[in-house]
$ cat coords-v3.cif   # mmCIF, C-alpha atoms and all ligand atoms
data_work
loop_
_atom_site.label_atom_id
_atom_site.label_comp_id
_atom_site.auth_asym_id
_atom_site.auth_seq_id
_atom_site.Cartn_x
_atom_site.Cartn_y
_atom_site.Cartn_z
CA MET D 1268 11.03 272.72 6.80
CA ILE D 1269 10.43 276.10 5.15
CA HIS D 1270 8.23 275.97 2.07
CA LEU D 1271 8.80 277.91 -1.11
CA LYS D 1272 5.52 279.74 -0.66
CA GLU D 1273 6.89 281.38 2.49
CA TYR D 1274 9.47 283.29 0.43
CA GLU D 1275 6.69 285.31 -1.18
CA ALA D 1276 6.73 287.61 1.81
CA VAL D 1277 10.35 288.53 1.03
CA VAL D 1278 10.58 288.51 -2.77
CA GLY D 1279 6.99 288.84 -3.94
CA PRO D 1280 4.60 286.30 -5.50
CA GLN D 1281 5.81 286.69 -9.12
CA VAL D 1282 9.26 285.37 -8.30
CA ILE D 1283 7.80 282.21 -6.76
CA GLU D 1284 5.34 281.76 -9.59
CA GLU D 1285 8.17 281.94 -12.12
CA LEU D 1286 10.14 279.31 -10.17
CA TYR D 1287 7.22 276.90 -10.37
CA LEU D 1288 6.85 277.55 -14.09
CA LEU D 1289 10.51 276.80 -14.67
CA ALA D 1290 10.51 273.78 -12.39
CA GLU D 1291 7.61 272.34 -14.38
CA LYS D 1292 10.02 272.07 -17.33
CA VAL D 1293 12.72 270.35 -15.30
CA LYS D 1294 10.31 268.09 -13.40
CA GLY D 1295 11.18 264.43 -13.46
CA LYS D 1296 14.88 265.11 -14.04
CA SER D 1297 17.19 263.93 -11.31
CA VAL D 1298 20.11 266.04 -10.11
CA GLN D 1299 22.89 264.59 -7.99
CA ASN D 1300 25.03 267.14 -6.14
CA ILE D 1301 28.42 265.93 -4.99
CA ASN D 1302 30.91 267.82 -2.84
CA SER D 1303 33.49 267.06 -0.17
CA THR D 1304 31.90 268.08 3.12
CA ALA D 1305 28.47 267.95 4.67
CA VAL D 1306 29.23 270.73 7.15
CA GLY D 1307 31.30 273.88 7.24
CA GLY D 1308 31.83 276.43 4.54
CA GLY D 1309 29.64 278.05 1.97
CA VAL D 1310 29.05 275.08 -0.33
CA ALA D 1311 27.47 272.93 2.38
CA GLU D 1312 25.55 275.97 3.58
CA ILE D 1313 23.90 276.47 0.19
CA LEU D 1314 23.27 272.80 -0.62
CA ASN D 1315 21.51 272.37 2.69
CA ARG D 1316 18.85 274.79 1.56
CA LEU D 1317 18.74 274.26 -2.20
CA VAL D 1318 18.26 270.50 -2.20
CA PRO D 1319 14.97 270.42 -0.20
CA LEU D 1320 13.56 273.32 -2.20
CA PHE D 1321 14.32 271.59 -5.50
CA GLN D 1322 12.58 268.52 -4.15
CA GLU D 1323 9.56 270.60 -3.20
CA MET D 1324 9.38 271.90 -6.78
CA GLY D 1325 9.37 268.35 -8.11
CA VAL D 1326 13.02 268.23 -9.19
CA ASN D 1327 14.51 264.99 -7.99
CA ALA D 1328 17.58 266.43 -6.23
CA ARG D 1329 19.99 264.64 -3.93
CA TRP D 1330 23.31 265.42 -2.29
CA ASP D 1331 26.24 263.07 -1.67
CA VAL D 1332 29.67 263.61 -0.17
CA ILE D 1333 32.87 261.94 -1.36
CA LYS D 1334 35.09 260.08 1.09
CA GLY D 1335 38.76 260.75 1.69
CA GLY D 1336 41.46 260.25 4.27
CA GLU D 1337 43.53 262.86 6.09
CA GLN D 1338 46.21 262.86 3.40
CA PHE D 1339 43.66 263.46 0.64
CA TYR D 1340 42.26 266.49 2.44
CA LYS D 1341 45.76 267.82 3.04
CA VAL D 1342 46.33 267.61 -0.70
CA THR D 1343 42.99 269.17 -1.64
CA LYS D 1344 43.62 271.99 0.84
CA LYS D 1345 46.94 272.62 -0.92
CA PHE D 1346 45.06 272.63 -4.23
CA HIS D 1347 42.55 275.08 -2.78
CA ASN D 1348 45.28 277.43 -1.61
CA ALA D 1349 47.23 277.10 -4.86
CA LEU D 1350 44.15 277.82 -6.97
CA HIS D 1351 43.73 280.96 -4.92
CA GLY D 1352 47.25 281.92 -5.97
CA LYS D 1353 49.01 281.04 -2.70
CA GLY D 1354 52.45 279.42 -3.14
CA GLU D 1355 52.28 275.71 -2.24
CA THR D 1356 54.70 272.86 -2.84
CA ILE D 1357 52.78 270.07 -4.47
CA THR D 1358 54.69 266.85 -4.98
CA PRO D 1359 54.11 263.97 -7.42
CA ALA D 1360 53.01 261.94 -4.36
CA ASP D 1361 50.28 264.53 -3.71
CA PHE D 1362 48.90 264.14 -7.23
CA THR D 1363 49.05 260.35 -6.86
CA CYS D 1364 47.16 260.53 -3.57
CA PHE D 1365 44.50 262.71 -5.21
CA LEU D 1366 44.10 260.30 -8.11
CA GLU D 1367 43.99 257.22 -5.87
CA THR D 1368 41.28 258.63 -3.62
CA SER D 1369 39.36 259.81 -6.66
CA GLU D 1370 39.55 256.33 -8.11
CA MET D 1371 38.26 254.88 -4.84
CA ASN D 1372 35.30 257.30 -4.94
CA ASN D 1373 34.72 256.52 -8.59
CA LYS D 1374 34.33 252.89 -7.63
CA SER D 1375 32.25 253.32 -4.47
CA MET D 1376 30.04 256.36 -5.09
CA GLU D 1377 26.52 255.42 -6.01
CA MET D 1378 25.67 257.56 -9.02
CA ASN D 1379 22.45 257.62 -10.89
CA ALA D 1380 21.05 260.88 -12.22
CA ASP D 1381 20.26 262.91 -15.31
CA ILE D 1382 22.49 265.73 -14.13
CA TYR D 1383 25.69 265.34 -12.11
CA PHE D 1384 26.42 268.60 -10.31
CA ILE D 1385 30.01 268.35 -9.05
CA HIS D 1386 31.14 271.05 -6.64
CA ASP D 1387 34.73 272.30 -6.50
CA PRO D 1388 37.99 270.45 -7.25
CA GLN D 1389 37.85 267.69 -4.62
CA PRO D 1390 35.35 265.43 -6.48
CA ILE D 1391 36.30 266.67 -9.96
CA ALA D 1392 37.73 263.33 -11.14
CA LEU D 1393 34.32 261.67 -10.86
CA ILE D 1394 34.08 262.80 -14.49
CA ASN D 1395 36.10 259.63 -15.23
CA ARG D 1396 32.73 257.90 -14.97
CA LYS D 1397 31.22 259.98 -17.74
CA GLU D 1398 31.46 257.16 -20.25
CA ILE D 1399 29.39 254.82 -18.09
CA GLN D 1400 27.21 257.45 -16.43
CA GLN D 1401 25.30 258.92 -19.34
CA GLY D 1402 24.05 262.19 -17.92
CA LYS D 1403 24.91 265.85 -18.19
CA TRP D 1404 27.93 266.82 -16.15
CA ILE D 1405 28.37 270.26 -14.55
CA TRP D 1406 31.49 271.41 -12.72
CA ARG D 1407 30.52 274.08 -10.23
CA CYS D 1408 33.57 276.08 -9.11
CA HIS D 1409 32.97 278.06 -5.93
CA ILE D 1410 36.48 279.43 -5.55
CA ASP D 1411 38.39 282.33 -7.03
CA VAL D 1412 40.39 280.84 -9.88
CA SER D 1413 41.21 284.14 -11.55
CA ASN D 1414 44.92 283.64 -10.90
CA PRO D 1415 45.45 279.92 -10.30
CA ASP D 1416 48.75 278.19 -9.72
CA PRO D 1417 49.61 276.85 -13.23
CA GLN D 1418 50.71 273.42 -11.97
CA VAL D 1419 47.41 272.68 -10.23
CA TRP D 1420 45.29 274.31 -12.92
CA SER D 1421 46.94 272.28 -15.67
CA PHE D 1422 46.44 269.12 -13.61
CA LEU D 1423 42.71 269.88 -13.26
CA ARG D 1424 42.10 271.12 -16.79
CA PRO D 1425 41.79 267.72 -18.51
CA PHE D 1426 39.04 266.86 -16.02
CA ILE D 1427 37.22 270.19 -16.42
CA ASP D 1428 37.36 269.99 -20.21
CA ARG D 1429 35.29 266.81 -20.19
CA TYR D 1430 32.32 268.35 -18.38
CA ASN D 1431 29.31 269.57 -20.37
CA ALA D 1432 29.32 272.92 -18.58
CA SER D 1433 31.07 274.89 -15.87
CA VAL D 1434 29.73 277.42 -13.40
CA PHE D 1435 31.71 280.21 -11.76
CA SER D 1436 30.58 282.64 -9.06
CA ALA D 1437 31.82 285.87 -10.59
CA PRO D 1438 32.81 287.13 -14.05
CA VAL D 1439 36.41 287.70 -12.93
CA PHE D 1440 36.81 283.99 -12.15
CA SER D 1441 35.96 282.75 -15.62
CA GLN D 1442 38.70 281.02 -17.61
CA GLU D 1443 39.40 280.14 -21.22
CA LEU D 1444 37.70 276.75 -21.50
CA PRO D 1445 36.43 274.60 -24.36
CA ILE D 1446 33.12 274.02 -22.52
CA ARG D 1447 30.20 276.34 -21.81
CA GLN D 1448 30.55 278.64 -18.83
CA PHE D 1449 27.76 280.04 -16.68
CA LEU D 1450 28.15 282.82 -14.15
CA ILE D 1451 25.95 282.22 -11.15
CA SER D 1452 26.64 283.89 -7.85
CA PRO D 1453 25.74 282.13 -4.62
CA SER D 1454 22.97 283.24 -2.32
CA ILE D 1455 21.64 283.17 1.20
CA ASP D 1456 18.37 281.95 2.60
CA PRO D 1457 16.56 284.87 4.25
CA LEU D 1458 14.31 282.53 6.24
CA SER D 1459 16.95 280.17 7.64
CA ASP D 1460 18.01 280.22 11.28
CA LYS D 1461 21.18 281.96 10.14
CA ASN D 1462 19.35 284.88 8.59
CA LYS D 1463 15.83 285.21 9.91
CA GLU D 1464 14.80 288.08 12.19
CA LEU D 1465 15.63 287.48 15.85
CA PRO D 1466 14.07 289.01 18.93
CA GLN D 1467 16.37 291.35 20.86
CA GLU D 1468 16.12 289.10 23.88
CA GLY D 1469 17.48 286.10 21.95
CA ILE D 1470 20.42 288.19 20.77
CA HIS D 1471 21.19 289.23 24.33
CA GLN D 1472 21.13 285.66 25.54
CA VAL D 1473 23.75 284.70 22.98
CA LEU D 1474 25.95 287.65 23.99
CA GLU D 1475 25.64 286.61 27.61
CA ARG D 1476 26.49 283.01 26.81
CA PHE D 1477 29.69 284.10 25.08
CA HIS D 1478 30.56 286.63 27.82
CA LEU D 1479 30.30 289.59 25.47
CA ASP D 1480 29.50 293.08 26.69
CA PRO D 1481 26.16 294.24 25.20
CA GLU D 1482 27.11 297.87 25.86
CA LYS D 1483 30.43 297.84 24.00
CA PRO D 1484 30.57 298.33 20.22
CA MET D 1485 31.33 294.97 18.65
CA VAL D 1486 33.36 294.25 15.54
CA THR D 1487 32.86 290.71 14.26
CA GLN D 1488 34.35 288.34 11.74
CA ILE D 1489 32.59 285.00 11.27
CA SER D 1490 34.84 282.57 9.42
CA ARG D 1491 36.34 279.15 9.43
CA PHE D 1492 39.80 279.35 11.02
CA ASP D 1493 41.76 279.53 7.80
CA TYR D 1494 44.87 281.60 6.96
CA LEU D 1495 43.08 282.96 3.91
CA LYS D 1496 40.46 284.52 6.21
CA ASP D 1497 43.35 286.36 7.92
CA PRO D 1498 42.23 286.27 11.58
CA LEU D 1499 45.66 287.57 12.63
CA GLY D 1500 45.29 290.56 10.31
CA VAL D 1501 41.83 291.23 11.75
CA MET D 1502 43.36 291.41 15.23
CA ASP D 1503 46.06 293.80 14.01
CA ALA D 1504 43.42 296.08 12.51
CA PHE D 1505 41.30 295.88 15.66
CA GLU D 1506 44.21 296.85 17.87
CA ILE D 1507 44.76 299.99 15.82
CA VAL D 1508 41.07 300.90 16.19
CA SER D 1509 40.93 300.14 19.90
CA LYS D 1510 43.60 302.77 20.58
CA TYR D 1511 40.91 305.33 19.72
CA ILE D 1512 37.61 303.62 20.48
CA ASP D 1513 36.63 301.35 23.33
CA CYS D 1514 35.27 298.31 21.51
CA GLN D 1515 35.43 294.52 21.39
CA LEU D 1516 36.35 292.06 18.65
CA VAL D 1517 34.69 288.71 18.02
CA LEU D 1518 36.34 286.10 15.84
CA ALA D 1519 33.90 283.24 15.63
CA GLY D 1520 34.07 280.12 13.58
CA GLY D 1521 34.33 276.39 13.46
CA GLU D 1522 36.00 273.77 11.38
CA ALA D 1523 35.16 272.24 8.07
CA THR D 1524 35.71 268.49 8.00
CA ASP D 1525 37.69 268.86 4.76
CA ASP D 1526 40.16 271.40 6.23
CA PRO D 1527 43.12 269.92 8.11
CA GLU D 1528 44.66 273.36 8.82
CA SER D 1529 41.90 274.81 10.96
CA GLN D 1530 43.19 273.52 14.34
CA GLU D 1531 46.56 275.15 13.77
CA VAL D 1532 45.01 278.47 12.71
CA LEU D 1533 42.64 278.44 15.69
CA ALA D 1534 45.57 277.78 18.08
CA LYS D 1535 47.59 280.66 16.59
CA THR D 1536 44.58 282.96 16.76
CA ARG D 1537 44.02 282.08 20.42
CA ASP D 1538 47.69 282.64 21.26
CA ARG D 1539 47.67 286.02 19.63
CA ALA D 1540 44.38 286.99 21.36
CA ALA D 1541 45.39 285.79 24.83
CA SER D 1542 46.84 289.09 26.02
CA ASN D 1543 43.86 291.22 24.98
CA PRO D 1544 40.63 290.78 26.99
CA ASP D 1545 38.67 292.69 24.33
CA ILE D 1546 39.36 290.01 21.72
CA HIS D 1547 37.01 287.03 21.91
CA VAL D 1548 37.91 283.96 19.93
CA LEU D 1549 34.88 281.70 19.79
CA ALA D 1550 35.19 278.16 18.47
CA ILE D 1551 31.62 277.31 17.66
CA PRO D 1552 30.34 273.91 16.61
CA SER D 1553 28.76 273.38 13.22
CA GLY D 1554 25.08 274.12 13.16
CA SER D 1555 25.43 277.22 15.37
CA ASP D 1556 23.24 279.13 12.96
CA MET D 1557 21.19 281.01 15.52
CA GLU D 1558 24.38 282.02 17.36
CA ILE D 1559 25.98 283.31 14.17
CA ASN D 1560 22.80 285.19 13.34
CA ALA D 1561 22.78 286.79 16.80
CA LEU D 1562 26.48 287.70 16.67
CA GLN D 1563 26.06 289.33 13.27
CA ARG D 1564 22.98 291.23 14.44
CA ALA D 1565 24.69 292.39 17.63
CA SER D 1566 27.67 293.78 15.71
CA SER D 1567 28.30 297.46 15.11
CA VAL D 1568 30.57 296.53 12.20
CA VAL D 1569 31.06 293.20 10.45
CA ILE D 1570 34.50 292.62 8.98
CA GLN D 1571 35.63 290.10 6.38
CA LYS D 1572 39.31 290.63 5.90
CA SER D 1573 39.98 287.65 3.64
CA LEU D 1574 43.23 287.52 1.70
CA LYS D 1575 41.41 285.45 -0.94
CA GLU D 1576 37.74 284.67 -1.13
CA GLY D 1577 35.35 282.71 -3.27
CA PHE D 1578 32.20 284.69 -2.90
CA GLY D 1579 32.09 285.49 0.81
CA LEU D 1580 28.65 284.45 2.04
CA THR D 1581 29.42 285.91 5.45
CA VAL D 1582 29.40 289.31 3.76
CA THR D 1583 26.01 288.60 2.17
CA GLU D 1584 24.65 287.51 5.54
CA ALA D 1585 25.85 290.69 7.24
CA LEU D 1586 24.52 292.95 4.48
CA TRP D 1587 21.14 291.24 4.64
CA LYS D 1588 21.05 292.18 8.32
CA ALA D 1589 21.69 295.78 7.24
CA LYS D 1590 25.07 295.80 8.92
CA PRO D 1591 27.86 298.12 7.85
CA VAL D 1592 30.60 295.92 6.43
CA VAL D 1593 34.34 296.37 6.01
CA ALA D 1594 35.64 293.73 3.61
CA SER D 1595 38.69 293.04 1.48
CA ALA D 1596 38.31 293.77 -2.21
CA VAL D 1597 38.95 290.14 -3.16
CA GLY D 1598 37.03 287.37 -4.92
CA GLY D 1599 33.28 287.93 -5.06
CA ILE D 1600 33.24 290.59 -2.36
CA PRO D 1601 33.27 293.61 -4.73
CA LEU D 1602 30.13 292.17 -6.37
CA GLN D 1603 28.45 292.64 -3.03
CA VAL D 1604 30.10 295.71 -1.59
CA THR D 1605 30.20 298.86 -3.66
CA HIS D 1606 32.75 301.02 -1.92
CA LYS D 1607 31.17 303.84 0.11
CA TYR D 1608 27.70 302.75 -0.97
CA SER D 1609 26.97 299.32 0.50
CA GLY D 1610 30.06 299.04 2.71
CA LEU D 1611 33.74 299.85 2.70
CA LEU D 1612 36.32 297.86 0.76
CA CYS D 1613 39.80 297.56 2.17
CA HIS D 1614 43.19 296.49 0.86
CA SER D 1615 45.38 296.38 3.97
CA ILE D 1616 45.39 296.14 7.76
CA GLU D 1617 45.67 299.91 8.05
CA GLY D 1618 42.88 300.38 5.51
CA ALA D 1619 40.63 298.00 7.42
CA ALA D 1620 41.38 299.81 10.68
CA TYR D 1621 40.65 303.21 9.14
CA SER D 1622 37.31 301.99 7.75
CA ILE D 1623 36.19 300.32 10.99
CA LYS D 1624 37.00 303.50 12.88
CA GLN D 1625 35.10 305.60 10.36
CA LEU D 1626 31.98 303.45 10.67
CA LEU D 1627 32.10 303.27 14.46
CA GLN D 1628 32.44 307.03 14.68
CA ASN D 1629 29.66 307.81 12.18
CA PRO D 1630 26.59 305.74 13.06
CA GLU D 1631 24.35 307.54 10.53
CA TYR D 1632 26.79 306.90 7.68
CA ALA D 1633 27.13 303.29 8.84
CA LYS D 1634 23.36 302.85 8.96
CA LYS D 1635 22.86 304.15 5.44
CA MET D 1636 25.45 301.75 4.12
CA GLY D 1637 23.80 298.84 5.87
CA GLU D 1638 20.43 299.75 4.38
CA ASN D 1639 21.88 299.97 0.87
CA GLY D 1640 23.58 296.62 1.39
CA ARG D 1641 20.35 294.94 2.43
CA GLU D 1642 18.56 296.18 -0.68
CA HIS D 1643 21.43 295.03 -2.90
CA VAL D 1644 21.19 291.54 -1.39
CA ARG D 1645 17.39 291.50 -1.77
CA GLN D 1646 17.78 292.22 -5.49
CA ASN D 1647 20.69 289.91 -6.24
CA PHE D 1648 21.74 287.38 -3.65
CA LEU D 1649 18.71 285.65 -2.21
CA LEU D 1650 18.12 281.94 -2.61
CA THR D 1651 15.20 282.37 -5.00
CA ARG D 1652 17.47 284.03 -7.57
CA GLN D 1653 19.92 281.17 -7.38
CA LEU D 1654 17.16 278.57 -7.69
CA ARG D 1655 16.02 280.33 -10.85
CA ASP D 1656 19.54 280.43 -12.29
CA TYR D 1657 20.10 276.74 -11.58
CA LEU D 1658 16.77 275.74 -13.13
CA LEU D 1659 17.67 277.70 -16.25
CA LEU D 1660 21.09 276.08 -16.28
CA PHE D 1661 19.57 272.58 -16.06
CA LEU D 1662 17.12 273.40 -18.84
CA SER D 1663 19.83 274.79 -21.07
CA LEU D 1664 21.75 271.50 -20.84
CA PHE D 1665 18.93 269.74 -22.63
CA HIS D 1666 18.16 272.58 -25.06
CA GLU D 1667 21.54 273.75 -26.32
CA GLY D 1668 21.00 276.64 -28.69
CA ASP D 1669 17.21 276.74 -28.12
CA VAL D 1670 15.29 279.71 -26.83
CA ILE D 1671 13.50 278.76 -23.63
CA TYR D 1672 9.99 280.18 -23.22
CA LEU D 1673 8.58 280.50 -19.73
N1 LIG P 1701 29.90 279.46 8.79
C1 LIG P 1701 29.32 278.69 9.77
N2 LIG P 1701 30.07 278.36 10.84
C2 LIG P 1701 31.34 278.77 10.97
C3 LIG P 1701 31.94 279.56 9.96
C4 LIG P 1701 31.18 279.88 8.87
O1 LIG P 1701 28.15 278.31 9.71
O2 LIG P 1701 31.95 278.43 11.95
C5 LIG P 1701 29.08 279.77 7.64
C6 LIG P 1701 28.96 281.25 7.34
O3 LIG P 1701 27.92 281.81 8.12
C7 LIG P 1701 28.69 281.21 5.85
C8 LIG P 1701 29.53 280.05 5.37
O4 LIG P 1701 29.70 279.20 6.50
O5 LIG P 1701 27.34 280.93 5.61
C9 LIG P 1701 30.91 280.49 4.89
O6 LIG P 1701 30.82 280.85 3.57
P1 LIG P 1701 31.86 281.84 2.92
O7 LIG P 1701 31.50 281.96 1.49
O8 LIG P 1701 31.89 283.12 3.69
O9 LIG P 1701 33.27 281.17 3.13
P2 LIG P 1701 33.87 279.70 2.90
O10 LIG P 1701 33.91 279.08 4.26
O11 LIG P 1701 32.99 278.98 1.94
O12 LIG P 1701 35.26 279.96 2.38
#

$ encode --input "coords-v3.cif" --output "structure tokens" --more "lines below"
Ligand code: UDP
Amino acid sequence: MIHLKEYEAVVGPQVIEELYLLAEKVKGKSVQNINSTAVGGGVAEILNRLVPLFQEMGVNARWDVIKGGEQFYKVTKKFHNALHGKGETITPADFTCFLETSEMNNKSMEMNADIYFIHDPQPIALINRKEIQQGKWIWRCHIDVSNPDPQVWSFLRPFIDRYNASVFSAPVFSQELPIRQFLISPSIDPLSDKNKELPQEGIHQVLERFHLDPEKPMVTQISRFDYLKDPLGVMDAFEIVSKYIDCQLVLAGGEATDDPESQEVLAKTRDRAASNPDIHVLAIPSGSDMEINALQRASSVVIQKSLKEGFGLTVTEALWKAKPVVASAVGGIPLQVTHKYSGLLCHSIEGAAYSIKQLLQNPEYAKKMGENGREHVRQNFLLTRQLRDYLLLFLSLFHEGDVIYL
């Protein structure tokens, strides 16, 4: 267990002092986080770290996961894709399945808190308990809903409208809503196994274990196997680059328990990679934090070629490791990567290939970009900043219209 005090070394003592001051005002309040998966993906990643730190500060935080069958997760994955603007056929039976599972969770979920912090669309209908569960209700949206499918958005809207507040990750995601909106970007934990400094020897051991060549420049994408992360497009871009530069590609990721598509995407990725010995598709189990850390640190370039993205924590993680990043200009990524300053933004396979090549061929340029990226993350996307924003959010729920003095 890492204690809050230990973050002083990274962010300075004032930041930690301020967190304790704020927490003092929220002390005694209970906060129940609810989402749809305990492992895999950015939401679980963040909750894993935030919940114990809240507890350490005296905020009574807990985290629960809703239950659902295969069909429910197929439907919520369709919702997820459709909210990201991808065409999906959603039938009346899908909506019925969603409502039935929600009703089941409404009946079985033990809920007892001052603040209900509901993450993403899967558990959104828990708001049906608002009349019995007299707390403050927050809907925390982690995905890019700037251009949502109207059918799914209009289905969700009556639920959203009943919350006390909503939270989005980036200004471009905000929507016209009758409730208060907060813009809070996610963050990474600089001291976690995923992000802490690693000795060179440990990095080498991981490369060896995955049969990667420590001498060959490595381009890496860490992502769940999801069409929206575009692993096939990454391979296309890599093959353009590898005509000019001898390098290797790593596509590493696992599954999220709430994603029924990942097996299919992994199989297609493997098929496509089979004929190229320089492409390494690594299916890694959840909890492989040290391995992911090592792979990111061993990379010459980290790529995140998502077609759609919520925030893109993998980008934050790479920037924190001072890695040059090539990433699609989608979702929250442009908040993190300023083109030609803290990485290179791309809009196509060819664009990604051009940028990877540029970074591999200009190590000094690449290094500068990595350094700028690390500083940008230090200022904006570390866990302590998100803890502060959430504490302020909780406080504001009980002091609407008041000025809060620290
Ligand atoms: N991640 C992981 N194992 C995997 C794939 C991803 O631990 O197999 C982590 C990754 O390091 C990052 C998070 O899951 O911390 C993914 O968050 P991101 O915002 O990039 O994407 P999401 O999966 O939420 O769409």

$ residues_near_ligand --input "coords-v3.cif" --ligand "ligand LIG 1701 (chain P)" --cutoff "7 Å" --atoms "only C-alpha atoms and all ligand atoms" --output "ChimeraX atom specification"
/D:1307-1310,1312,1489-1491,1519-1522,1551-1556,1559,1576-1582

$ closest_atom_pairs --input "coords-v3.cif" --of "segment 1554-1669 of chain D" --to "segment 1401-1416 of chain D" --cutoff "9 Å" --atoms "all atoms listed in the file" --output "tab-separated table"
residue	atom	partner	partner_atom	distance
D:Lys1575	CA	D:Asp1411	CA	7.5
D:Glu1576	CA	D:Asp1411	CA	6.4
D:Gly1577	CA	D:Ile1410	CA	4.2
D:Phe1578	CA	D:Ile1410	CA	7.3
D:Val1597	CA	D:Asp1411	CA	8.7
D:Gly1598	CA	D:Asp1411	CA	5.6
D:Gly1599	CA	D:Asp1411	CA	7.8
D:Phe1661	CA	D:Lys1403	CA	8.9
D:Leu1664	CA	D:Lys1403	CA	7.0
D:Phe1665	CA	D:Lys1403	CA	8.4

$ closest_residue --input "coords-v3.cif" --among "D:Ile1301, D:Ala1380, D:Val1306, D:Ala1620" --to "Gly1500 of chain D" --atoms "only C-alpha atoms"
D:Ala1620

$ residues_near_point --input "coords-v3.cif" --point "(28.9, 257.2, -18.9)" --cutoff "12 Å" --atoms "only C-alpha atoms" --output "NGL selection string"
:D and (1373 or 1378-1383 or 1393-1404 or 1429-1430)

$ atom_distance --input "coords-v3.cif" --atom1 "atom CA of Gln1338 of chain D" --atom2 "atom CA of Val1419 of chain D"
16.8 Å

$ decode --input "coords-v3.cif" --residues "segment 1536-1549 of chain D" --atoms "N, CA and C atoms" --output "compact mmCIF listing (two decimals), in the first residue's frame"
# COMPACT_ATOMS: atom_id res chain seq x y z
N THR D 1536 -6.18 -10.16 -34.96
CA THR D 1536 -4.86 -9.51 -34.86
C THR D 1536 -3.77 -10.57 -35.03
N ARG D 1537 -3.96 -11.71 -34.37
CA ARG D 1537 -2.96 -12.79 -34.48
C ARG D 1537 -2.84 -13.30 -35.91
N ASP D 1538 -3.99 -13.48 -36.56
CA ASP D 1538 -3.99 -13.95 -37.96
C ASP D 1538 -3.18 -13.02 -38.83
N ARG D 1539 -3.47 -11.75 -38.66
CA ARG D 1539 -2.83 -10.73 -39.50
C ARG D 1539 -1.32 -10.67 -39.23
N ALA D 1540 -0.93 -10.96 -37.95
CA ALA D 1540 0.48 -10.83 -37.56
C ALA D 1540 1.29 -12.07 -37.91
N ALA D 1541 0.58 -13.18 -38.19
CA ALA D 1541 1.26 -14.48 -38.27
C ALA D 1541 2.41 -14.50 -39.28
N SER D 1542 2.26 -13.76 -40.37
CA SER D 1542 3.28 -13.87 -41.43
C SER D 1542 4.47 -12.92 -41.21
N ASN D 1543 4.44 -12.14 -40.14
CA ASN D 1543 5.52 -11.17 -39.94
C ASN D 1543 6.20 -11.41 -38.59
N PRO D 1544 7.43 -11.97 -38.61
CA PRO D 1544 8.08 -12.30 -37.32
C PRO D 1544 8.46 -11.06 -36.50
N ASP D 1545 8.39 -9.88 -37.09
CA ASP D 1545 8.71 -8.67 -36.32
C ASP D 1545 7.49 -8.12 -35.58
N ILE D 1546 6.33 -8.73 -35.80
CA ILE D 1546 5.14 -8.28 -35.06
C ILE D 1546 4.85 -9.27 -33.93
N HIS D 1547 4.82 -8.76 -32.72
CA HIS D 1547 4.60 -9.60 -31.54
C HIS D 1547 3.26 -9.25 -30.91
N VAL D 1548 2.35 -10.21 -30.96
CA VAL D 1548 1.04 -9.98 -30.34
C VAL D 1548 1.05 -10.68 -28.98
N LEU D 1549 0.98 -9.91 -27.93
CA LEU D 1549 1.10 -10.48 -26.59
C LEU D 1549 -0.23 -10.37 -25.85
